[in-house]
Amino acid sequence: FGSFVWPTGDPRANPSVGGRRGLRSVQWGRGISDDASRRLACYASDWRDGLTPKSCAAITFLWFACLAPVLAFGGAMSVLTDGAMGVPEVILSRGVCGMAHAAAAGQPMTFLGPTGLTLAFTTALYAYCSALSLPFLPMYAWVGMWTSGMLLAASVANLSGLIRYCTRFTEDVFNFLLAFNYVAEACRSIRASFTGLAGSGFLALNTAGLTAWLCQATAAFRSKRYLSPMAR
């Protein structure tokens, strides 16, 4: 590698795996074994602590926090996929995968659930299957199988160490992709409403503008001097 300069990140920040040492220097399975050894030391206490009365408040809060995106994204997914996938399927998948992950993963506090990227990918995959007259659910299942295989290979090779080469630019591009997708979807819906009932297009446009203004106003309300800090 000599005088080679990495375009992003600093490889010296985490030099133990990969990077300039080459792929043959990767300690295969090291990340999985380290996670297992760290988790086994407190695995029994994780279950005992969850059965104490003090955990009831946290469990109740997390139940609603996990259920809210399932209902939101599941409902949107049902509309965008013409009912092929909806709230029941998302609740079932999140419940089963979430419990399995919490019981066996090295980091049980990671919450699994639908996100904006999941909704965008599912919608794009459904449109692709519809255009080619392919069955959506079998295609979605095979996508999941291939994704699982790739993630398994990445975990065995401990490729998460390559995150040192990522900078803030990577996160910004990802956020821009999600924001652009939501804005484009909203504009497409507003445009379609003008071809519907008389006056519904202007109603949708005004509602979208009012919603955007309220989001900006409420987000900036924390920095205002109105009311008390707790109320803000």
# chains A, B, ... in the order shown; residues from 1 in each chain; ligands from 1

call {"tool": "closest_atom_pairs", "arguments": {"of": "region 100-124 of chain A", "to": "region 52-74 of chain A", "cutoff": "10 Å", "atoms": "only C-alpha atoms", "output": "Markdown table"}}
result
| residue | atom | partner | partner_atom | distance |
| --- | --- | --- | --- | --- |
| A:Phe111 | CA | A:Cys66 | CA | 7.6 |
| A:Leu112 | CA | A:Cys66 | CA | 8.4 |
| A:Gly113 | CA | A:Val70 | CA | 6.8 |
| A:Pro114 | CA | A:Val70 | CA | 6.4 |
| A:Thr115 | CA | A:Phe73 | CA | 7.2 |
| A:Gly116 | CA | A:Phe73 | CA | 7.7 |
| A:Thr118 | CA | A:Phe73 | CA | 8.8 |
| A:Leu119 | CA | A:Phe73 | CA | 6.8 |

call {"tool": "write_last_selection", "arguments": {"atoms": "N, CA, C and O atoms", "output": "short mmCIF file (atom, residue, chain, number, x, y, z; two decimals), in the first residue's frame"}}
result
data_model
loop_
_atom_site.label_atom_id
_atom_site.label_comp_id
_atom_site.auth_asym_id
_atom_site.auth_seq_id
_atom_site.Cartn_x
_atom_site.Cartn_y
_atom_site.Cartn_z
N PHE A 111 -32.97 -2.82 18.60
CA PHE A 111 -34.37 -3.06 18.29
C PHE A 111 -34.54 -3.28 16.79
O PHE A 111 -34.09 -2.46 15.98
N LEU A 112 -35.18 -4.37 16.44
CA LEU A 112 -35.42 -4.69 15.04
C LEU A 112 -36.80 -4.22 14.64
O LEU A 112 -37.77 -4.40 15.39
N GLY A 113 -36.91 -3.64 13.46
CA GLY A 113 -38.22 -3.17 13.02
C GLY A 113 -38.10 -2.46 11.68
O GLY A 113 -37.01 -2.20 11.16
N PRO A 114 -39.24 -2.13 11.09
CA PRO A 114 -39.24 -1.46 9.79
C PRO A 114 -38.76 -0.02 9.92
O PRO A 114 -38.98 0.64 10.92
N THR A 115 -38.11 0.45 8.87
CA THR A 115 -37.64 1.82 8.79
C THR A 115 -38.05 2.40 7.43
O THR A 115 -38.67 1.72 6.61
N GLY A 116 -37.67 3.64 7.22
CA GLY A 116 -37.98 4.25 5.93
C GLY A 116 -37.28 3.55 4.78
O GLY A 116 -37.85 3.41 3.69
N THR A 118 -36.49 0.36 4.68
CA THR A 118 -37.20 -0.90 4.45
C THR A 118 -38.45 -0.67 3.61
O THR A 118 -38.74 -1.44 2.68
N LEU A 119 -39.19 0.38 3.93
CA LEU A 119 -40.39 0.70 3.16
C LEU A 119 -40.04 1.04 1.71
O LEU A 119 -40.71 0.59 0.78
#

call {"tool": "residues_around", "arguments": {"residues": "Ala105 (chain A)", "least_positions_apart": "5", "cutoff": "12 Å", "atoms": "only C-alpha atoms", "output": "ChimeraX atom specification"}}
result
/A:31-40,43,97-100,110-112,155

call {"tool": "residues_around", "arguments": {"residues": "Leu152 (chain A)", "least_positions_apart": "6", "cutoff": "12 Å", "atoms": "only C-alpha atoms", "output": "list in words"}}
result
Trp28, Gly29, Gly31, Ile32, Met145, Trp146, Asn158, Leu159 and Ser160 of chain A

call {"tool": "select_by_dssp", "arguments": {"residues": "region 29-82 of chain A", "states": "helix (DSSP H, G or I)", "output": "PyMOL selection string"}}
result
chain A and resi 30-40+43-50+55-80

call {"tool": "write_last_selection", "arguments": {"atoms": "N, CA and C atoms", "output": "compact mmCIF listing (two decimals), in the first residue's frame"}}
result
# COMPACT_ATOMS: atom_id res chain seq x y z
N ARG A 30 -13.68 -13.88 14.71
CA ARG A 30 -13.26 -13.23 15.94
C ARG A 30 -14.39 -12.39 16.54
N GLY A 31 -15.11 -11.66 15.71
CA GLY A 31 -16.18 -10.82 16.23
C GLY A 31 -17.28 -11.62 16.89
N ILE A 32 -17.65 -12.75 16.27
CA ILE A 32 -18.71 -13.59 16.84
C ILE A 32 -18.27 -14.18 18.17
N SER A 33 -17.03 -14.68 18.23
CA SER A 33 -16.55 -15.27 19.48
C SER A 33 -16.43 -14.23 20.59
N ASP A 34 -16.00 -13.02 20.23
CA ASP A 34 -15.91 -11.96 21.24
C ASP A 34 -17.28 -11.57 21.76
N ASP A 35 -18.26 -11.47 20.86
CA ASP A 35 -19.62 -11.14 21.29
C ASP A 35 -20.19 -12.22 22.20
N ALA A 36 -19.95 -13.48 21.83
CA ALA A 36 -20.47 -14.58 22.64
C ALA A 36 -19.84 -14.60 24.03
N SER A 37 -18.53 -14.38 24.11
CA SER A 37 -17.87 -14.40 25.42
C SER A 37 -18.33 -13.24 26.31
N ARG A 38 -18.54 -12.08 25.71
CA ARG A 38 -19.02 -10.95 26.50
C ARG A 38 -20.47 -11.13 26.94
N ARG A 39 -21.27 -11.76 26.10
CA ARG A 39 -22.69 -11.93 26.43
C ARG A 39 -22.90 -13.03 27.46
N LEU A 40 -22.11 -14.09 27.40
CA LEU A 40 -22.29 -15.20 28.33
C LEU A 40 -22.04 -14.79 29.78
N TYR A 43 -25.46 -13.19 30.71
CA TYR A 43 -26.67 -13.68 30.04
C TYR A 43 -27.77 -13.99 31.05
N ALA A 44 -27.40 -14.65 32.15
CA ALA A 44 -28.41 -15.01 33.15
C ALA A 44 -28.99 -13.77 33.83
N SER A 45 -28.15 -12.78 34.11
CA SER A 45 -28.64 -11.57 34.77
C SER A 45 -29.55 -10.77 33.85
N ASP A 46 -29.37 -10.87 32.54
CA ASP A 46 -30.26 -10.17 31.61
C ASP A 46 -31.70 -10.64 31.78
N TRP A 47 -31.88 -11.94 31.96
CA TRP A 47 -33.23 -12.48 32.14
C TRP A 47 -33.76 -12.16 33.53
N ARG A 48 -32.92 -12.23 34.55
CA ARG A 48 -33.38 -11.94 35.91
C ARG A 48 -33.76 -10.47 36.07
N ASP A 49 -32.98 -9.59 35.50
CA ASP A 49 -33.28 -8.16 35.62
C ASP A 49 -34.58 -7.78 34.94
N GLY A 50 -34.94 -8.50 33.89
CA GLY A 50 -36.18 -8.19 33.20
C GLY A 50 -37.42 -8.60 33.96
N SER A 55 -38.48 -2.96 36.08
CA SER A 55 -38.39 -3.05 34.62
C SER A 55 -39.74 -2.88 33.94
N CYS A 56 -40.83 -2.88 34.71
CA CYS A 56 -42.17 -2.81 34.10
C CYS A 56 -42.36 -1.51 33.33
N ALA A 57 -41.91 -0.39 33.89
CA ALA A 57 -42.07 0.89 33.21
C ALA A 57 -41.29 0.92 31.89
N ALA A 58 -40.05 0.43 31.94
CA ALA A 58 -39.24 0.41 30.72
C ALA A 58 -39.82 -0.54 29.68
N ILE A 59 -40.32 -1.68 30.13
CA ILE A 59 -40.92 -2.64 29.20
C ILE A 59 -42.15 -2.06 28.54
N THR A 60 -43.00 -1.37 29.31
CA THR A 60 -44.20 -0.76 28.75
C THR A 60 -43.85 0.33 27.74
N PHE A 61 -42.87 1.16 28.08
CA PHE A 61 -42.46 2.22 27.15
C PHE A 61 -41.91 1.63 25.86
N LEU A 62 -41.04 0.63 25.97
CA LEU A 62 -40.44 0.03 24.79
C LEU A 62 -41.46 -0.71 23.95
N TRP A 63 -42.51 -1.24 24.60
CA TRP A 63 -43.55 -1.93 23.84
C TRP A 63 -44.25 -0.96 22.90
N PHE A 64 -44.60 0.21 23.40
CA PHE A 64 -45.24 1.21 22.55
C PHE A 64 -44.23 1.78 21.54
N ALA A 65 -42.98 1.95 21.97
CA ALA A 65 -41.98 2.48 21.05
C ALA A 65 -41.71 1.53 19.89
N CYS A 66 -41.80 0.24 20.14
CA CYS A 66 -41.61 -0.75 19.07
C CYS A 66 -42.86 -0.93 18.23
N LEU A 67 -44.04 -0.74 18.84
CA LEU A 67 -45.28 -0.96 18.11
C LEU A 67 -45.60 0.19 17.18
N ALA A 68 -45.23 1.41 17.54
CA ALA A 68 -45.59 2.59 16.75
C ALA A 68 -45.05 2.51 15.31
N PRO A 69 -43.75 2.25 15.08
CA PRO A 69 -43.29 2.17 13.70
C PRO A 69 -43.85 0.98 12.94
N VAL A 70 -44.19 -0.09 13.66
CA VAL A 70 -44.79 -1.24 12.99
C VAL A 70 -46.13 -0.85 12.39
N LEU A 71 -46.96 -0.15 13.15
CA LEU A 71 -48.26 0.27 12.66
C LEU A 71 -48.13 1.30 11.55
N ALA A 72 -47.18 2.24 11.71
CA ALA A 72 -47.03 3.30 10.71
C ALA A 72 -46.51 2.74 9.39
N PHE A 73 -45.38 2.06 9.44
CA PHE A 73 -44.78 1.54 8.21
C PHE A 73 -45.56 0.35 7.66
N GLY A 74 -46.16 -0.44 8.56
CA GLY A 74 -46.98 -1.55 8.08
C GLY A 74 -48.20 -1.08 7.31
N GLY A 75 -48.84 -0.02 7.81
CA GLY A 75 -49.98 0.53 7.08
C GLY A 75 -49.58 1.11 5.74
N ALA A 76 -48.46 1.83 5.70
CA ALA A 76 -47.99 2.38 4.44
C ALA A 76 -47.57 1.27 3.48
N MET A 77 -46.95 0.23 4.01
CA MET A 77 -46.54 -0.89 3.17
C MET A 77 -47.73 -1.61 2.57
N SER A 78 -48.83 -1.70 3.33
CA SER A 78 -50.03 -2.35 2.82
C SER A 78 -50.60 -1.59 1.63
N VAL A 79 -50.54 -0.26 1.70
CA VAL A 79 -51.06 0.55 0.59
C VAL A 79 -50.15 0.46 -0.62
N LEU A 80 -48.86 0.55 -0.42
CA LEU A 80 -47.91 0.59 -1.53
C LEU A 80 -47.72 -0.77 -2.20
